[in-house]
>>> print(open('protein.tsv').read())   # TSV, C-alpha atoms
chain	number	residue	atom	x	y	z
D	25	MET	CA	0.00	0.00	0.00
D	26	ILE	CA	1.10	3.60	-0.62
D	27	GLN	CA	1.10	5.50	2.66
D	28	GLU	CA	2.59	8.71	4.00
D	29	LYS	CA	3.34	7.42	7.49
D	30	LYS	CA	4.40	4.11	8.93
D	31	ASN	CA	2.99	4.83	12.38
D	32	PHE	CA	-0.79	4.63	12.20
D	33	VAL	CA	-1.59	4.60	15.91
D	34	ILE	CA	-2.78	8.21	16.00
D	35	PRO	CA	-4.92	7.92	12.82
D	36	LEU	CA	-6.42	4.70	14.22
D	37	ILE	CA	-7.46	6.52	17.40
D	38	PHE	CA	-9.17	9.34	15.52
D	39	VAL	CA	-10.88	7.02	13.04
D	40	GLY	CA	-11.93	4.80	15.96
D	41	ILE	CA	-13.77	7.79	17.47
D	42	MET	CA	-15.57	8.24	14.15
D	43	PHE	CA	-16.56	4.56	14.04
D	44	PHE	CA	-17.97	5.05	17.54
D	45	ALA	CA	-20.01	8.00	16.25
D	46	ILE	CA	-21.39	5.84	13.41
D	47	GLY	CA	-22.52	3.17	15.87
D	48	PHE	CA	-24.05	5.73	18.22
D	49	ALA	CA	-26.01	7.38	15.41
D	50	LEU	CA	-27.39	4.03	14.25
D	51	GLY	CA	-28.07	2.89	17.80
D	52	ILE	CA	-30.49	5.79	18.27
D	53	ASN	CA	-32.92	3.87	16.06
D	54	SER	CA	-33.07	1.07	18.65
D	55	TYR	CA	-34.76	3.53	20.99
D	56	LEU	CA	-36.88	5.34	18.41
D	57	VAL	CA	-38.55	2.26	16.89
D	58	PRO	CA	-40.53	1.14	19.97
D	59	LEU	CA	-41.07	4.79	20.99
D	60	LEU	CA	-42.69	5.73	17.67
D	61	ASN	CA	-44.62	2.46	17.62
D	62	LYS	CA	-46.31	3.49	20.89
D	63	ALA	CA	-46.41	7.29	20.67
D	64	LEU	CA	-47.75	7.51	17.11
D	65	ASN	CA	-49.86	4.35	17.38
D	66	ILE	CA	-48.37	2.87	14.20
D	67	SER	CA	-47.50	-0.70	13.21
D	68	SER	CA	-44.08	-2.26	13.70
D	69	GLY	CA	-43.55	-2.19	9.94
D	70	GLN	CA	-44.20	1.55	9.86
D	71	SER	CA	-41.94	2.25	12.85
D	72	TYR	CA	-39.09	0.34	11.20
D	73	LEU	CA	-39.33	2.79	8.30
D	74	VAL	CA	-37.14	5.05	10.46
D	75	ILE	CA	-34.31	2.56	9.98
D	76	ALA	CA	-35.18	2.28	6.28
D	77	ALA	CA	-34.97	6.05	5.90
D	78	THR	CA	-31.56	6.08	7.56
D	79	PHE	CA	-30.11	3.41	5.31
D	80	SER	CA	-31.85	4.48	2.07
D	81	ALA	CA	-29.45	7.44	2.01
D	82	PHE	CA	-26.63	5.00	1.20
D	83	LEU	CA	-28.33	4.12	-2.12
D	84	ILE	CA	-28.68	7.74	-3.19
D	85	PHE	CA	-25.46	9.25	-1.85
D	86	GLY	CA	-23.02	6.33	-1.96
D	87	TYR	CA	-21.58	7.30	-5.35
D	88	PRO	CA	-21.71	11.11	-4.83
D	89	ALA	CA	-19.76	10.54	-1.61
D	90	SER	CA	-16.92	8.94	-3.57
D	91	ILE	CA	-16.81	11.99	-5.88
D	92	VAL	CA	-16.61	14.31	-2.87
D	93	ILE	CA	-13.78	12.21	-1.40
D	94	LYS	CA	-11.91	12.37	-4.71
D	95	ASN	CA	-12.19	16.17	-4.78
D	96	ILE	CA	-11.61	17.17	-1.15
D	97	GLY	CA	-10.01	14.07	0.39
D	98	TYR	CA	-10.96	11.67	3.16
D	99	LYS	CA	-10.45	13.98	6.14
D	100	ARG	CA	-12.54	16.91	4.93
D	101	THR	CA	-15.31	14.54	3.87
D	102	MET	CA	-15.33	13.12	7.41
D	103	ALA	CA	-15.71	16.64	8.82
D	104	LEU	CA	-18.52	17.44	6.36
D	105	SER	CA	-20.42	14.30	7.39
D	106	PHE	CA	-20.72	15.47	11.00
D	107	ILE	CA	-22.42	18.69	9.87
D	108	MET	CA	-24.97	16.55	8.02
D	109	PHE	CA	-25.46	14.47	11.15
D	110	ALA	CA	-26.11	17.59	13.24
D	111	ILE	CA	-28.74	18.87	10.78
D	112	GLY	CA	-30.52	15.52	10.77
D	113	PHE	CA	-30.49	15.27	14.56
D	114	TYR	CA	-31.86	18.80	14.91
D	115	LEU	CA	-34.87	17.86	12.78
D	116	PHE	CA	-35.83	15.18	15.31
D	117	ILE	CA	-36.83	17.98	17.71
D	118	PRO	CA	-39.60	19.57	15.56
D	119	SER	CA	-40.56	16.05	14.47
D	120	ALA	CA	-41.34	15.22	18.10
D	121	LYS	CA	-43.19	18.48	18.68
D	122	LEU	CA	-45.41	17.95	15.61
D	123	GLU	CA	-45.69	14.17	16.17
D	124	SER	CA	-45.00	13.77	12.46
D	125	LEU	CA	-43.82	10.42	11.11
D	126	PRO	CA	-42.87	11.93	7.70
D	127	LEU	CA	-40.69	14.52	9.45
D	128	PHE	CA	-39.09	11.78	11.56
D	129	LEU	CA	-38.31	9.93	8.33
D	130	LEU	CA	-36.79	13.07	6.80
D	131	ALA	CA	-34.64	13.59	9.90
D	132	SER	CA	-33.52	9.97	9.76
D	133	PHE	CA	-32.73	10.29	6.04
D	134	ILE	CA	-30.55	13.37	6.55
D	135	SER	CA	-28.67	11.79	9.44
D	136	GLY	CA	-28.34	8.75	7.18
D	137	MET	CA	-26.77	11.01	4.56
D	138	GLY	CA	-24.17	12.03	7.12
D	139	ASN	CA	-23.63	8.36	7.89
D	140	THR	CA	-23.17	7.63	4.19
D	141	PHE	CA	-20.42	10.22	3.75
D	142	LEU	CA	-18.70	9.13	6.96
D	143	GLN	CA	-18.87	5.43	6.08
D	144	ALA	CA	-17.63	6.17	2.55
D	145	SER	CA	-14.62	7.86	4.14
D	146	VAL	CA	-13.62	5.72	7.09
D	147	ASN	CA	-14.14	2.20	5.69
D	148	PRO	CA	-11.88	2.43	2.61
D	149	TYR	CA	-9.50	4.62	4.62
D	150	ILE	CA	-8.94	2.02	7.30
D	151	THR	CA	-8.80	-0.76	4.68
D	152	ILE	CA	-5.94	0.81	2.71
D	153	LEU	CA	-4.18	2.38	5.70
D	154	GLY	CA	-1.91	-0.68	5.89
D	155	PRO	CA	-1.34	-4.11	4.30
D	156	ILE	CA	-4.48	-5.58	2.74
D	157	ASP	CA	-4.00	-9.00	4.37
D	158	SER	CA	-4.28	-7.45	7.84
D	159	ALA	CA	-7.15	-5.09	6.96
D	160	ALA	CA	-9.64	-7.29	8.83
D	161	LYS	CA	-7.56	-6.86	11.98
D	162	ARG	CA	-7.77	-3.06	11.71
D	163	MET	CA	-11.47	-3.28	10.87
D	164	SER	CA	-12.00	-5.46	13.94
D	165	ILE	CA	-10.49	-2.75	16.14
D	166	MET	CA	-12.82	-0.23	14.51
D	167	GLY	CA	-15.70	-2.67	14.92
D	168	ILE	CA	-15.28	-2.72	18.68
D	169	CYS	CA	-15.54	1.08	18.72
D	170	ASN	CA	-18.61	0.91	16.49
D	171	LYS	CA	-20.56	-1.87	18.17
D	172	LEU	CA	-19.99	-0.69	21.73
D	173	ALA	CA	-21.72	2.53	20.68
D	174	TRP	CA	-24.93	0.82	19.48
D	175	PRO	CA	-26.25	-0.04	22.97
D	176	ILE	CA	-24.83	3.14	24.49
D	177	ALA	CA	-27.20	5.26	22.37
D	178	PRO	CA	-30.48	3.88	23.79
D	179	LEU	CA	-28.96	3.74	27.27
D	180	PHE	CA	-27.90	7.40	26.96
D	181	LEU	CA	-31.39	8.42	25.84
D	182	ALA	CA	-32.97	6.41	28.66
D	183	LEU	CA	-30.57	7.93	31.22
D	184	VAL	CA	-31.15	11.55	30.18
D	185	ILE	CA	-34.92	11.12	29.77
D	186	ASN	CA	-35.06	9.07	32.99
D	187	LYS	CA	-38.27	7.23	32.09
D	188	SER	CA	-39.10	3.73	30.87
D	189	VAL	CA	-39.78	3.44	27.15
D	190	GLN	CA	-43.47	2.85	27.86
D	191	ASP	CA	-43.78	6.22	29.67
D	192	VAL	CA	-41.72	8.43	27.34
D	193	GLN	CA	-43.42	11.27	25.47
D	194	LEU	CA	-42.00	12.28	22.09
D	195	THR	CA	-40.95	15.72	23.30
D	196	ASP	CA	-38.84	14.09	26.03
D	197	ILE	CA	-36.17	13.43	23.40
D	198	ASN	CA	-35.42	17.17	22.98
D	199	LEU	CA	-32.75	17.51	25.67
D	200	PRO	CA	-30.70	14.42	24.73
D	201	PHE	CA	-30.78	15.42	21.07
D	202	TYR	CA	-29.48	18.91	21.87
D	203	ILE	CA	-26.57	17.24	23.66
D	204	ILE	CA	-25.98	14.86	20.74
D	205	ILE	CA	-25.98	17.77	18.24
D	206	ALA	CA	-23.33	19.63	20.25
D	207	VAL	CA	-21.13	16.53	20.49
D	208	PHE	CA	-21.34	15.79	16.77
D	209	LEU	CA	-20.48	19.36	15.82
D	210	ALA	CA	-17.43	19.08	18.09
D	211	LEU	CA	-16.52	15.82	16.35
D	212	GLY	CA	-16.71	17.60	13.00
D	213	ILE	CA	-14.19	20.17	14.18
D	214	MET	CA	-11.99	17.37	15.52
D	215	ALA	CA	-12.13	15.52	12.20
D	216	PHE	CA	-11.14	18.65	10.26
D	217	PHE	CA	-8.01	19.20	12.35
D	218	ALA	CA	-7.14	15.54	12.97
D	219	PRO	CA	-3.65	14.41	11.82
D	220	LEU	CA	-4.94	11.96	9.22
D	221	PRO	CA	-2.63	11.36	6.24
D	222	GLU	CA	-4.23	10.93	2.83
D	223	VAL	CA	-3.68	7.34	1.65
D	224	LYS	CA	-4.04	5.53	-1.66
D	225	ALA	CA	-4.34	1.88	-2.64
D	226	ALA	CA	-1.74	0.14	-4.78
D	227	GLY	CA	-2.28	1.00	-8.42
D	228	GLU	CA	-4.82	3.73	-7.64
D	229	ASP	CA	-2.74	6.35	-9.42
D	230	GLU	CA	-2.77	6.00	-13.19
D	231	SER	CA	1.00	6.41	-13.11
D	232	SER	CA	1.43	3.33	-10.92
D	233	VAL	CA	-0.92	0.81	-12.54
D	234	GLU	CA	1.90	-1.71	-12.65
D	235	ASP	CA	1.42	-2.09	-8.87
D	236	CYS	CA	-1.89	-3.81	-9.62
D	237	PRO	CA	-1.67	-5.75	-12.91
D	238	TYR	CA	-5.08	-7.41	-12.39
D	239	ALA	CA	-6.81	-4.03	-12.69
D	240	ALA	CA	-4.43	-2.45	-15.21
D	241	ASN	CA	-6.35	-3.54	-18.32
D	242	LYS	CA	-9.85	-3.19	-16.87
D	243	THR	CA	-12.06	-0.42	-18.23
D	244	SER	CA	-15.05	-0.65	-15.88
D	245	ILE	CA	-15.83	-1.39	-12.25
D	246	TRP	CA	-18.34	-3.98	-13.52
D	247	GLN	CA	-15.43	-6.18	-14.68
D	248	PHE	CA	-14.63	-7.25	-11.11
D	249	PRO	CA	-16.99	-10.17	-10.29
D	250	HIS	CA	-15.52	-10.67	-6.83
D	251	LEU	CA	-16.47	-7.07	-6.04
D	252	LEU	CA	-20.04	-7.40	-7.37
D	253	LEU	CA	-20.66	-10.62	-5.45
D	254	GLY	CA	-19.11	-8.95	-2.41
D	255	CYS	CA	-21.53	-6.03	-2.75
D	256	LEU	CA	-24.46	-8.45	-2.56
D	257	ALA	CA	-22.89	-10.17	0.45
D	258	LEU	CA	-22.40	-6.79	2.15
D	259	PHE	CA	-26.00	-5.78	1.29
D	260	LEU	CA	-27.35	-8.88	3.04
D	261	TYR	CA	-24.88	-8.64	5.90
D	262	VAL	CA	-25.72	-5.04	6.81
D	263	GLY	CA	-29.40	-5.96	6.75
D	264	VAL	CA	-29.12	-8.90	9.13
D	265	GLU	CA	-26.58	-7.17	11.36
D	266	THR	CA	-28.98	-4.25	11.70
D	267	VAL	CA	-31.73	-6.69	12.63
D	268	ALA	CA	-29.47	-8.29	15.24
D	269	LEU	CA	-28.43	-4.96	16.75
D	270	SER	CA	-31.47	-2.70	16.42
D	271	THR	CA	-34.44	-4.97	17.17
D	272	LEU	CA	-33.61	-6.09	20.69
D	273	VAL	CA	-35.28	-3.24	22.58
D	274	ASP	CA	-38.38	-3.74	20.43
D	275	TYR	CA	-38.23	-7.53	20.88
D	276	ALA	CA	-37.86	-7.18	24.67
D	277	THR	CA	-40.78	-4.74	24.69
D	278	SER	CA	-42.97	-7.18	22.75
D	279	LEU	CA	-42.08	-9.89	25.29
D	280	ASP	CA	-43.02	-7.53	28.16
D	281	LEU	CA	-39.55	-7.86	29.66
D	282	PRO	CA	-38.71	-5.22	32.31
D	283	ASN	CA	-36.24	-2.42	31.46
D	284	ALA	CA	-36.40	-3.18	27.76
D	285	ALA	CA	-33.79	-0.52	26.89
D	286	ASN	CA	-31.15	-2.54	28.76
D	287	TYR	CA	-31.41	-5.44	26.31
D	288	GLY	CA	-29.73	-3.43	23.56
D	289	TRP	CA	-26.30	-4.54	24.79
D	290	ILE	CA	-26.83	-8.29	24.23
D	291	SER	CA	-25.82	-8.41	20.57
D	292	SER	CA	-23.05	-5.88	21.01
D	293	VAL	CA	-21.32	-8.15	23.51
D	294	GLY	CA	-21.32	-10.96	20.93
D	295	MET	CA	-19.95	-8.60	18.29
D	296	VAL	CA	-17.15	-7.33	20.53
D	297	VAL	CA	-16.09	-10.88	21.47
D	298	GLY	CA	-15.81	-11.70	17.76
D	299	TYR	CA	-13.83	-8.53	17.06
D	300	ILE	CA	-11.36	-9.38	19.81
D	301	CYS	CA	-10.84	-12.78	18.16
D	302	GLY	CA	-10.23	-10.99	14.86
D	303	ILE	CA	-7.59	-8.76	16.42
D	304	LEU	CA	-5.83	-11.74	18.00
D	305	PHE	CA	-6.00	-14.26	15.15
D	306	ILE	CA	-6.09	-12.36	11.82
D	307	PRO	CA	-3.86	-12.82	9.83
D	308	LYS	CA	-1.43	-14.74	12.05
D	309	VAL	CA	-3.66	-17.76	12.72
D	310	ILE	CA	-6.52	-17.57	10.21
D	311	SER	CA	-7.06	-15.68	6.96
D	312	GLN	CA	-9.82	-13.17	6.35
D	313	ALA	CA	-11.65	-15.67	4.13
D	314	THR	CA	-11.46	-18.39	6.80
D	315	ALA	CA	-12.81	-15.96	9.39
D	316	LEU	CA	-15.74	-15.18	7.09
D	317	ARG	CA	-16.57	-18.89	6.67
D	318	ILE	CA	-16.39	-19.61	10.40
D	319	CYS	CA	-18.54	-16.60	11.24
D	320	SER	CA	-21.12	-17.51	8.60
D	321	ILE	CA	-21.56	-20.96	10.14
D	322	LEU	CA	-21.84	-19.47	13.65
D	323	ALA	CA	-24.45	-16.97	12.42
D	324	ILE	CA	-26.51	-19.72	10.77
D	325	ILE	CA	-26.52	-21.71	14.02
D	326	GLY	CA	-27.33	-18.60	16.04
D	327	SER	CA	-30.25	-17.57	13.83
D	328	LEU	CA	-31.72	-21.09	14.06
D	329	LEU	CA	-31.49	-20.97	17.86
D	330	VAL	CA	-33.24	-17.57	17.95
D	331	VAL	CA	-36.26	-18.85	16.02
D	332	THR	CA	-36.57	-22.33	17.57
D	333	THR	CA	-36.02	-21.82	21.32
D	334	PRO	CA	-38.65	-20.44	23.77
D	335	ALA	CA	-39.16	-16.72	23.16
D	336	HIS	CA	-38.00	-15.46	26.56
D	337	ILE	CA	-34.78	-17.46	26.09
D	338	SER	CA	-34.32	-16.81	22.39
D	339	ILE	CA	-33.53	-13.12	22.89
D	340	TRP	CA	-30.24	-14.14	24.51
D	341	PHE	CA	-29.22	-16.18	21.44
D	342	THR	CA	-29.09	-12.98	19.39
D	343	SER	CA	-25.66	-12.56	21.00
D	344	PHE	CA	-24.60	-15.82	19.35
D	345	MET	CA	-25.97	-14.62	16.02
D	346	ALA	CA	-24.11	-11.33	16.51
D	347	LEU	CA	-20.91	-13.23	17.29
D	348	GLY	CA	-21.23	-14.73	13.82
D	349	CYS	CA	-21.80	-11.28	12.34
D	350	SER	CA	-18.74	-9.82	14.01
D	351	LEU	CA	-15.98	-10.57	11.48
D	352	MET	CA	-18.17	-10.45	8.37
D	353	TRP	CA	-17.78	-6.69	7.88
D	354	PRO	CA	-14.00	-6.72	8.54
D	355	ALA	CA	-13.54	-9.65	6.12
D	356	LEU	CA	-15.94	-8.60	3.36
D	357	TRP	CA	-14.38	-5.18	2.75
D	358	PRO	CA	-10.79	-6.31	2.06
D	359	LEU	CA	-11.91	-9.43	0.15
D	360	ALA	CA	-14.13	-7.35	-2.13
D	361	MET	CA	-11.61	-4.50	-2.56
D	362	THR	CA	-8.58	-6.65	-3.35
D	363	ASP	CA	-6.86	-5.80	-6.65
D	364	LEU	CA	-9.18	-2.95	-7.64
D	365	GLY	CA	-6.23	-0.64	-8.35
D	366	LYS	CA	-7.37	2.58	-10.03
D	367	PHE	CA	-10.99	1.55	-9.38
D	368	THR	CA	-10.54	1.52	-5.59
D	369	LYS	CA	-12.66	4.61	-4.85
D	370	ALA	CA	-15.37	3.50	-7.31
D	371	GLY	CA	-15.37	0.04	-5.77
D	372	SER	CA	-15.65	1.42	-2.27
D	373	SER	CA	-18.59	3.58	-3.38
D	374	LEU	CA	-20.40	0.45	-4.60
D	375	LEU	CA	-19.79	-1.19	-1.24
D	376	VAL	CA	-21.13	1.89	0.53
D	377	ILE	CA	-24.24	1.78	-1.68
D	378	ALA	CA	-24.67	-1.87	-0.64
D	379	ILE	CA	-25.16	-0.67	2.95
D	380	VAL	CA	-28.72	0.13	1.82
D	381	GLY	CA	-29.43	-3.47	2.84
D	382	GLY	CA	-29.94	-1.94	6.26
D	383	ALA	CA	-33.03	-0.22	4.86
D	384	LEU	CA	-34.72	-3.18	3.19
D	385	ILE	CA	-34.17	-6.16	5.46
D	386	PRO	CA	-35.10	-4.57	8.83
D	387	THR	CA	-38.23	-3.10	7.21
D	388	LEU	CA	-39.19	-6.56	5.94
D	389	PHE	CA	-38.48	-7.81	9.46
D	390	GLY	CA	-40.96	-5.26	10.83
D	391	PHE	CA	-43.74	-6.32	8.49
D	392	MET	CA	-43.00	-10.00	9.15
D	393	LYS	CA	-43.30	-9.22	12.86
D	394	ASP	CA	-46.75	-7.70	12.26
D	395	GLU	CA	-47.81	-10.79	10.32
D	396	TRP	CA	-46.17	-13.71	12.16
D	397	GLY	CA	-44.79	-12.34	15.42
D	398	ALA	CA	-41.40	-11.02	16.52
D	399	GLN	CA	-39.65	-14.36	16.96
D	400	ASN	CA	-40.69	-15.78	13.57
D	401	ALA	CA	-39.55	-12.56	11.87
D	402	TYR	CA	-35.95	-13.58	12.59
D	403	TRP	CA	-36.25	-16.30	9.93
D	404	ILE	CA	-35.31	-13.56	7.44
D	405	CYS	CA	-31.70	-13.86	8.61
D	406	LEU	CA	-31.13	-17.50	7.59
D	407	PRO	CA	-30.99	-17.20	3.75
D	408	CYS	CA	-28.82	-14.09	4.08
D	409	PHE	CA	-26.22	-15.94	6.14
D	410	LEU	CA	-26.28	-18.86	3.70
D	411	TYR	CA	-25.30	-16.57	0.81
D	412	ILE	CA	-22.54	-14.95	2.86
D	413	LEU	CA	-21.19	-18.45	3.54
D	414	TYR	CA	-21.13	-19.06	-0.24
D	415	TYR	CA	-19.12	-15.86	-0.76
D	416	GLY	CA	-16.62	-16.91	1.89
D	417	VAL	CA	-16.25	-20.36	0.31
D	418	ALA	CA	-16.20	-19.54	-3.39
D	419	GLY	CA	-17.50	-16.06	-4.33
D	420	TYR	CA	-14.41	-14.05	-3.47
D	421	LYS	CA	-12.19	-16.45	-5.48
D	422	ILE	CA	-13.81	-15.68	-8.80
D	423	ARG	CA	-11.34	-12.84	-9.37
D	424	THR	CA	-8.50	-15.38	-9.57
D	425	LYS	CA	-10.01	-17.27	-12.52
>>> encode(input="protein.tsv", output="structure tokens")
Amino acid sequence: MIQEKKNFVIPLIFVGIMFFAIGFALGINSYLVPLLNKALNISSGQSYLVIAATFSAFLIFGYPASIVIKNIGYKRTMALSFIMFAIGFYLFIPSAKLESLPLFLLASFISGMGNTFLQASVNPYITILGPIDSAAKRMSIMGICNKLAWPIAPLFLALVINKSVQDVQLTDINLPFYIIIAVFLALGIMAFFAPLPEVKAAGEDESSVEDCPYAANKTSIWQFPHLLLGCLALFLYVGVETVALSTLVDYATSLDLPNAANYGWISSVGMVVGYICGILFIPKVISQATALRICSILAIIGSLLVVTTPAHISIWFTSFMALGCSLMWPALWPLAMTDLGKFTKAGSSLLVIAIVGGALIPTLFGFMKDEWGAQNAYWICLPCFLYILYYGVAGYKIRTK
């Protein structure tokens, strides 16, 4: 890889803070879904549209984000994303006052736009910051920062509001969102002044195409089958991971479990355990592809346990499903981005667009919950994990043929 510094500890710390911000922003949905379900008297499917609105921004702005990165660089794009976040979070306040679902969806979409630009910056950045065969290790470190933030968001909201989810009024979210807006604006300033070197992948410059002979004679991003199959795998992965991480408060509420907001941490614990394994074992003990296969099998087993065990017990098996999810993101990115050369930024934009899976699959989960119940809705995860297993076994190898 082409890099301006050999010591990446400081950049890793700053980017880790940004991964935490991504997880926190997405974790807010875990609190909003059951709140809107009750406060606006809407169905589960309609309340999950908040998550769909957040992730639909990836479809629309995934490619424009790559253009912005090309023109102003990774660091300034990161700073810009936090301004978008702040605007989106501010709109939640009038949304609550007016009790308007469309305005909530607009606020979620704009915050999702900020998430799109930030994800488009930090994921390829951390992937190409060092050797590609250890990218999953770096992504695992970032994953811990990200997934620990998911349950912190609903816990923060619950702490500041100081009421159970069942007793919260929509306008009670005003104070915590003012705090969140201030923090994210401060993070934007931090990102702008952070000592983050601009990095490029091997062969990304036209003048150095010999560094990546596989991509040298390619004329289109669509000529990389391992990337396209990886995009589908990432699409499905983000969808089922979002289900595993963002549905627990709602699931606990539907089961009438006390202190439902506290159940948001279950899946995150499983994710963090998996990330620690990734840091310890990749690439010294297992390869990124092997990690993806192992995690796919664990996720398949976990999803089967969630849907077949007694409901009040099954919620705890989401941690096992999340354990399987843990190393999928860190493995999928480097496997899909290998040997893209001058198409690296275009390839990363396709992968960012694939994050829109977080809009479709959780929404389908919500409507399945309305039709067949919360526990049976988790069946949606099984076919997704089966395809990801295929990619880890054979899909990523297609580029070598």
>>> closest_residue(input="protein.tsv", among="D:Ser158, D:Ser80, D:Ser270, D:Ser119", to="Gly390 of chain D", atoms="all atoms listed in the file")
D:Ser270
>>> closest_atom_pairs(input="protein.tsv", of="segment 284-360 of chain D", to="segment 378-382 of chain D", cutoff="12 Å", atoms="all atoms listed in the file", output="JSON lines")
{"residue": "D:Trp353", "atom": "CA", "partner": "D:Ile379", "partner_atom": "CA", "distance": 10.7}
{"residue": "D:Leu356", "atom": "CA", "partner": "D:Ala378", "partner_atom": "CA", "distance": 11.7}
{"residue": "D:Trp357", "atom": "CA", "partner": "D:Ala378", "partner_atom": "CA", "distance": 11.3}
{"residue": "D:Ala360", "atom": "CA", "partner": "D:Ala378", "partner_atom": "CA", "distance": 12.0}
>>> atom_distance(input="protein.tsv", atom1="atom CA of Gly86 of chain D", atom2="atom CA of Ala323 of chain D")
27.4 Å
>>> residues_around(input="protein.tsv", residues="Asp274 of chain D", least_positions_apart="6", cutoff="12 Å", atoms="all atoms listed in the file", output="ChimeraX atom specification")
/D:53-62,68-69,71-72,178,189-190,267-268,280-288,339,389-390,393,397-399
>>> axis_aligned_box(input="protein.tsv", around="segment 161-180 of chain D", padding_each_side="3 Å", output="JSON")
{"center_x": -19.0, "center_y": 0.3, "center_z": 19.1, "size_x": 28.9, "size_y": 20.3, "size_z": 22.4}
>>> residues_around(input="protein.tsv", residues="Leu329 of chain D", least_positions_apart="6", cutoff="10 Å", atoms="all atoms listed in the file", output="number ranges by chain")
D: 323, 337-342, 344-345
>>> residues_around(input="protein.tsv", residues="segment 213-218 of chain D", least_positions_apart="4", cutoff="12 Å", atoms="only C-alpha atoms", output="PyMOL selection string")
chain D and resi 34-43+45+96-107+142+145-146+206-209+222
>>> atom_distance(input="protein.tsv", atom1="atom CA of His250 of chain D", atom2="atom CA of Lys421 of chain D")
6.8 Å
>>> closest_residue(input="protein.tsv", among="D:Ile66, D:Leu199, D:Ala313, D:Ala401", to="Thr271 of chain D", atoms="all atoms listed in the file")
D:Ala401
>>> atom_distance(input="protein.tsv", atom1="atom CA of Ile325 of chain D", atom2="atom CA of Ile385 of chain D")
19.3 Å
>>> closest_residue(input="protein.tsv", among="D:Tyr415, D:Tyr402, D:Phe391, D:Phe409", to="Tyr261 of chain D", atoms="all atoms listed in the file")
D:Phe409
>>> closest_residue(input="protein.tsv", among="D:Ala159, D:Val330, D:Val297, D:Ile412", to="Leu260 of chain D", atoms="all atoms listed in the file")
D:Ile412
>>> closest_residue(input="protein.tsv", among="D:Ile404, D:Leu258, D:Ile204, D:Leu253", to="Ala418 of chain D", atoms="only C-alpha atoms")
D:Leu253
>>> closest_residue(input="protein.tsv", among="D:Leu83, D:Gly154, D:Pro118, D:Glu123", to="Phe32 of chain D", atoms="all atoms listed in the file")
D:Gly154
